[in-house]
Amino acid sequence: MIKILKHGKSVEAKAEIDTQVRSTVEGIIADVGQRGDAAVRMYSEKFDKWNPPSLRLTEGEIQDCINSLDRQAIDDIRFAQTQIKRFAQIQLLSIRDVEVETLPGVILGHKNIPVNSVGCYIPGGKYPMLASAHMSVLTAKVAGVKRVIACAPPFDGKPAATIIAAMAMAGADEIYTMGGVQGVAAMAIGTESIRPVDMIVGPGNAYVAEAKRQLFGRVGIDLLAGPTETMVICDDTVDAELVAVDLLGQAEHGPSSPAVCITTSPTIAKELPGFIEKVLARLDTAPIASVSWRDYGEIILCDTEEEMAQEADRICSEHVQVMTRNPDWFLGRLTNYGALFLGARTNVAYGDKVIGTNHTLPTKGAGRYTGGLWVGKFIKTHTYQRILTDEASVFIGEYCSRLCALEHFSGHKEQADIRVRRLKRTF
């Protein structure tokens, strides 16, 4: 039996918040579309208290940010980028062009072509999330994107030096200090000073995710990656303190970040609330993480692994950490999630920062139909066809003519018929 021992916000409450976000975002996007740079600057001043002579950083300003970091920080960024780049290159090798003769004289194929330009949004309002620069800018460059621009909000009243350094080291062609909806809209729509891009990628808060949703179609997007979600699936092979740490390690992202524990252990279910309070007492981010746990935290007690898997697939969390006797069982069973973290030796923070997989992942149930950001998201697969002989064109044309007649498409039918009439004379 599945017992929900702690609930988060109701569906109705979440829907009301979504409605408010949607309206705000719609207004900002429309304003940026109408007034361009002036609107971007107004919202930058309003939300970030930031309005410099130029939102784009010069080479000198970028180098100043890099120079402000100590050698250890630079080395650590370089190490993380090496891991992300290595895995992206391995993924790229799995993507290949194909060409095959499917019938005598009929050639079909596809080509994989990188998107021409990409705008990367790097969150940085509450925390300077430099890891998102590796995940987006670097992965796009590995895919072969020609123009990669990136933006992040200011941090403590100035460009976020760690983010700027990571963007530059990852290979960004243009770097801007601007945040939120106005930053995403400026890259997608374009302004007097910013050429628009073909695709927007990167995680963000609810407003950034909604901006991407509303802009989709005008530009491509990677996926809807909104407020962080995390889930721990566990049994009695671990303890409640470890579970509390792993839940709160993601709840600190923001006050609307769901954190869910699904367990078959009555002991963990009983002890977890107490350990949540103990762990919060040692976290600087407790003011945020505590609100997230209070409003969006859940504890679900199950009898069996099958019930845990059933609940995990229903919820479809962004991050799913499995700490059970046989985590590989869940690897084979689960179908709805952003990324899996298997066993107690690993955790979401490893994936977020350094291990090599991408941390831009689907939220709000999007894991039902898409995976996370990867090198393939920046590549378009385009088909082509070629017919080598008159006989092959006539052979296909006769089938095509009859099928078009079934659909009452006379123009389509004539495209086939004219070739059949002309080419039949040649053999």
# chains A, B, ... in the order shown; residues from 1 in each chain; ligands from 1

call {"tool": "residues_around", "arguments": {"residues": "segment 392-400 of chain A", "least_positions_apart": "6", "cutoff": "7 Å", "atoms": "only C-alpha atoms", "output": "PyMOL selection string"}}
result
chain A and resi 104-106+416-417+419-420+423-424

call {"tool": "closest_atom_pairs", "arguments": {"of": "segment 94-171 of chain A", "to": "segment 178-184 of chain A", "cutoff": "10 Å", "atoms": "only C-alpha atoms", "output": "Markdown table"}}
result
| residue | atom | partner | partner_atom | distance |
| --- | --- | --- | --- | --- |
| A:Gly119 | CA | A:Val184 | CA | 7.9 |
| A:Cys120 | CA | A:Val184 | CA | 8.4 |
| A:Tyr121 | CA | A:Val184 | CA | 6.7 |
| A:Ile122 | CA | A:Gly179 | CA | 8.2 |
| A:Pro123 | CA | A:Gly179 | CA | 7.6 |
| A:Gly124 | CA | A:Gly179 | CA | 7.8 |
| A:Gly125 | CA | A:Gly179 | CA | 7.7 |
| A:Ala150 | CA | A:Gly183 | CA | 9.3 |
| A:Cys151 | CA | A:Met178 | CA | 5.8 |
| A:Ala152 | CA | A:Gly179 | CA | 5.2 |
| A:Pro153 | CA | A:Gly179 | CA | 3.9 |
| A:Pro154 | CA | A:Met178 | CA | 6.8 |
| A:Pro159 | CA | A:Met178 | CA | 8.9 |

call {"tool": "write_last_selection", "arguments": {"atoms": "N, CA, C and O atoms", "output": "tab-separated table (two decimals), in the first residue's frame"}}
result
chain	number	residue	atom	x	y	z
A	119	GLY	N	21.63	30.69	-27.97
A	119	GLY	CA	21.75	31.55	-26.80
A	119	GLY	C	21.64	30.72	-25.53
A	119	GLY	O	20.69	29.96	-25.36
A	120	CYS	N	22.62	30.84	-24.66
A	120	CYS	CA	22.66	30.05	-23.43
A	120	CYS	C	22.35	30.94	-22.23
A	120	CYS	O	23.03	31.96	-22.01
A	121	TYR	N	21.33	30.55	-21.48
A	121	TYR	CA	21.00	31.29	-20.26
A	121	TYR	C	21.65	30.58	-19.08
A	121	TYR	O	21.44	29.38	-18.87
A	122	ILE	N	22.42	31.34	-18.29
A	122	ILE	CA	23.10	30.78	-17.12
A	122	ILE	C	22.49	31.41	-15.87
A	122	ILE	O	22.63	32.62	-15.66
A	123	PRO	N	21.80	30.64	-15.03
A	123	PRO	CA	21.21	31.22	-13.82
A	123	PRO	C	22.29	31.78	-12.90
A	123	PRO	O	23.38	31.22	-12.79
A	124	GLY	N	21.97	32.86	-12.21
A	124	GLY	CA	22.97	33.43	-11.32
A	124	GLY	C	22.44	34.46	-10.35
A	124	GLY	O	23.21	35.18	-9.73
A	125	GLY	N	21.13	34.57	-10.23
A	125	GLY	CA	20.56	35.57	-9.33
A	125	GLY	C	20.84	35.28	-7.88
A	125	GLY	O	21.38	36.12	-7.15
A	150	ALA	N	25.98	33.90	-24.65
A	150	ALA	CA	25.58	33.49	-23.30
A	150	ALA	C	25.31	34.72	-22.45
A	150	ALA	O	25.95	35.76	-22.61
A	151	CYS	N	24.36	34.58	-21.53
A	151	CYS	CA	24.08	35.67	-20.61
A	151	CYS	C	23.82	35.12	-19.22
A	151	CYS	O	23.38	33.97	-19.06
A	152	ALA	N	24.10	35.95	-18.24
A	152	ALA	CA	23.82	35.63	-16.84
A	152	ALA	C	23.56	36.94	-16.11
A	152	ALA	O	24.12	37.99	-16.48
A	153	PRO	N	22.71	36.91	-15.09
A	153	PRO	CA	22.46	38.14	-14.34
A	153	PRO	C	23.69	38.55	-13.53
A	153	PRO	O	24.58	37.72	-13.30
A	154	PRO	N	23.75	39.81	-13.11
A	154	PRO	CA	24.85	40.21	-12.23
A	154	PRO	C	24.74	39.52	-10.89
A	154	PRO	O	23.66	39.05	-10.51
A	159	PRO	N	29.24	41.86	-12.78
A	159	PRO	CA	29.26	40.59	-13.51
A	159	PRO	C	29.77	39.46	-12.62
A	159	PRO	O	30.74	39.64	-11.86

call {"tool": "select_by_dssp", "arguments": {"residues": "segment 202-377 of chain A", "states": "strand (DSSP E)", "output": "ChimeraX atom specification"}}
result
/A:220-221,230-234,259-263,297-301,319-323,339-342

call {"tool": "atom_distance", "arguments": {"atom1": "atom CA of Gln81 of chain A", "atom2": "atom CA of Met323 of chain A"}}
result
27.6 Å

call {"tool": "residues_around", "arguments": {"residues": "Gly202 of chain A", "least_positions_apart": "3", "cutoff": "10 Å", "atoms": "only C-alpha atoms", "output": "list in words"}}
result
Gly119, Cys120, Tyr121, Ile122, Pro123, Ser132, Ala133, Met135, Ser136, Val137, Ala150, Val184, Val208, Ala209, Lys212, Ile221, Asp222, Leu223, Leu224, Ala225, Gly226, His359, Thr360, Leu361 and Leu373 of chain A

call {"tool": "closest_residue", "arguments": {"among": "A:Lys126, A:Arg421, A:Lys380, A:Arg402", "to": "Asp97 of chain A", "atoms": "only C-alpha atoms"}}
result
A:Lys380

call {"tool": "residues_around", "arguments": {"residues": "Ala349 of chain A", "least_positions_apart": "6", "cutoff": "10 Å", "atoms": "only C-alpha atoms", "output": "PyMOL selection string"}}
result
chain A and resi 246+249-250+341+355+359

call {"tool": "residues_around", "arguments": {"residues": "Val32 of chain A", "least_positions_apart": "3", "cutoff": "12 Å", "atoms": "only C-alpha atoms", "output": "short mmCIF file (atom, residue, chain, number, x, y, z; two decimals) with C-alpha atoms, in the first residue's frame"}}
result
data_model
loop_
_atom_site.label_atom_id
_atom_site.label_comp_id
_atom_site.auth_asym_id
_atom_site.auth_seq_id
_atom_site.Cartn_x
_atom_site.Cartn_y
_atom_site.Cartn_z
CA VAL A 25 6.38 36.76 -18.66
CA GLU A 26 4.00 37.53 -21.51
CA GLY A 27 4.20 41.24 -20.73
CA ILE A 28 8.01 41.34 -20.57
CA ILE A 29 8.45 39.43 -23.84
CA ARG A 35 11.25 48.43 -27.44
CA GLY A 36 14.37 46.27 -27.71
CA ASP A 37 17.39 47.45 -25.75
CA ALA A 38 15.41 50.07 -23.86
CA ALA A 39 13.09 47.45 -22.42
CA VAL A 40 15.96 45.09 -21.57
CA ARG A 41 17.70 47.90 -19.71
CA MET A 42 14.54 48.90 -17.87
CA TYR A 43 13.94 45.37 -16.58
CA SER A 44 17.62 44.92 -15.81
CA VAL A 181 13.01 36.89 -18.85
CA GLN A 182 14.52 40.01 -20.41
CA GLY A 183 17.81 38.18 -21.07
CA VAL A 184 16.11 35.18 -22.64
CA ALA A 185 13.83 37.40 -24.73
CA ALA A 186 16.70 39.59 -25.92
CA MET A 187 18.64 36.58 -27.20
CA ALA A 188 15.58 35.00 -28.81
CA ILE A 189 13.94 38.07 -30.38
CA GLY A 190 17.00 40.23 -30.86
CA THR A 191 17.45 43.92 -30.12
CA GLU A 192 19.35 46.80 -31.71
CA ILE A 194 21.97 41.73 -30.04
CA ALA A 211 9.77 32.52 -21.17
#

call {"tool": "select_by_dssp", "arguments": {"residues": "segment 150-356 of chain A", "states": "helix (DSSP H, G or I)", "output": "MDAnalysis selection string"}}
result
chainID A and resid 161:170 180:189 206:215 240:251 266:280 286:296 305:315 327:333 348:353

call {"tool": "residues_around", "arguments": {"residues": "Arg325 of chain A", "least_positions_apart": "4", "cutoff": "9 Å", "atoms": "only C-alpha atoms", "output": "list in words"}}
result
Cys234, Asp235, Asp236, Thr237 and Gly343 of chain A

call {"tool": "write_last_selection", "arguments": {"atoms": "N, CA and C atoms", "output": "PDB file, in the first residue's frame"}}
result
ATOM      1  N   CYS A 234      14.599   5.023  -1.659  1.00  0.00           N
ATOM      2  CA  CYS A 234      15.518   4.357  -0.734  1.00  0.00           C
ATOM      3  C   CYS A 234      14.825   3.245   0.043  1.00  0.00           C
ATOM      4  N   ASP A 235      15.667   2.338   0.551  1.00  0.00           N
ATOM      5  CA  ASP A 235      15.206   1.314   1.487  1.00  0.00           C
ATOM      6  C   ASP A 235      16.066   1.411   2.737  1.00  0.00           C
ATOM      7  N   ASP A 236      16.080   0.365   3.542  1.00  0.00           N
ATOM      8  CA  ASP A 236      16.780   0.446   4.828  1.00  0.00           C
ATOM      9  C   ASP A 236      18.288   0.210   4.723  1.00  0.00           C
ATOM     10  N   THR A 237      18.821   0.224   3.491  1.00  0.00           N
ATOM     11  CA  THR A 237      20.277   0.130   3.351  1.00  0.00           C
ATOM     12  C   THR A 237      20.962   1.468   3.606  1.00  0.00           C
ATOM     13  N   GLY A 343      22.865   4.323  -6.586  1.00  0.00           N
ATOM     14  CA  GLY A 343      23.692   3.911  -5.465  1.00  0.00           C
ATOM     15  C   GLY A 343      24.068   5.064  -4.559  1.00  0.00           C
TER      16      GLY A 343
END

call {"tool": "atom_distance", "arguments": {"atom1": "atom CA of Ala281 of chain A", "atom2": "atom CA of Glu252 of chain A"}}
result
13.0 Å

call {"tool": "closest_residue", "arguments": {"among": "A:Val279, A:Pro52, A:Pro227, A:Gly109", "to": "Ala206 of chain A", "atoms": "only C-alpha atoms"}}
result
A:Pro227

call {"tool": "residues_around", "arguments": {"residues": "segment 298-305 of chain A", "least_positions_apart": "3", "cutoff": "10 Å", "atoms": "only C-alpha atoms", "output": "ChimeraX atom specification"}}
result
/A:1-9,231-235,258-266,268-270,272-273,293-295,308-311,324,326,329-330

call {"tool": "closest_residue", "arguments": {"among": "A:Pro128, A:Pro203, A:Gly376, A:Gly144", "to": "Ile164 of chain A", "atoms": "only C-alpha atoms"}}
result
A:Pro128

call {"tool": "closest_residue", "arguments": {"among": "A:Leu247, A:Ile74, A:Leu108, A:Val142", "to": "Glu229 of chain A", "atoms": "only C-alpha atoms"}}
result
A:Leu247

call {"tool": "closest_residue", "arguments": {"among": "A:Ala143, A:Ile175, A:Ala13, A:Cys65", "to": "Ser94 of chain A", "atoms": "only C-alpha atoms"}}
result
A:Ala143

call {"tool": "closest_residue", "arguments": {"among": "A:Thr139, A:Gln34, A:Thr102, A:Ser10", "to": "Tyr296 of chain A", "atoms": "only C-alpha atoms"}}
result
A:Ser10
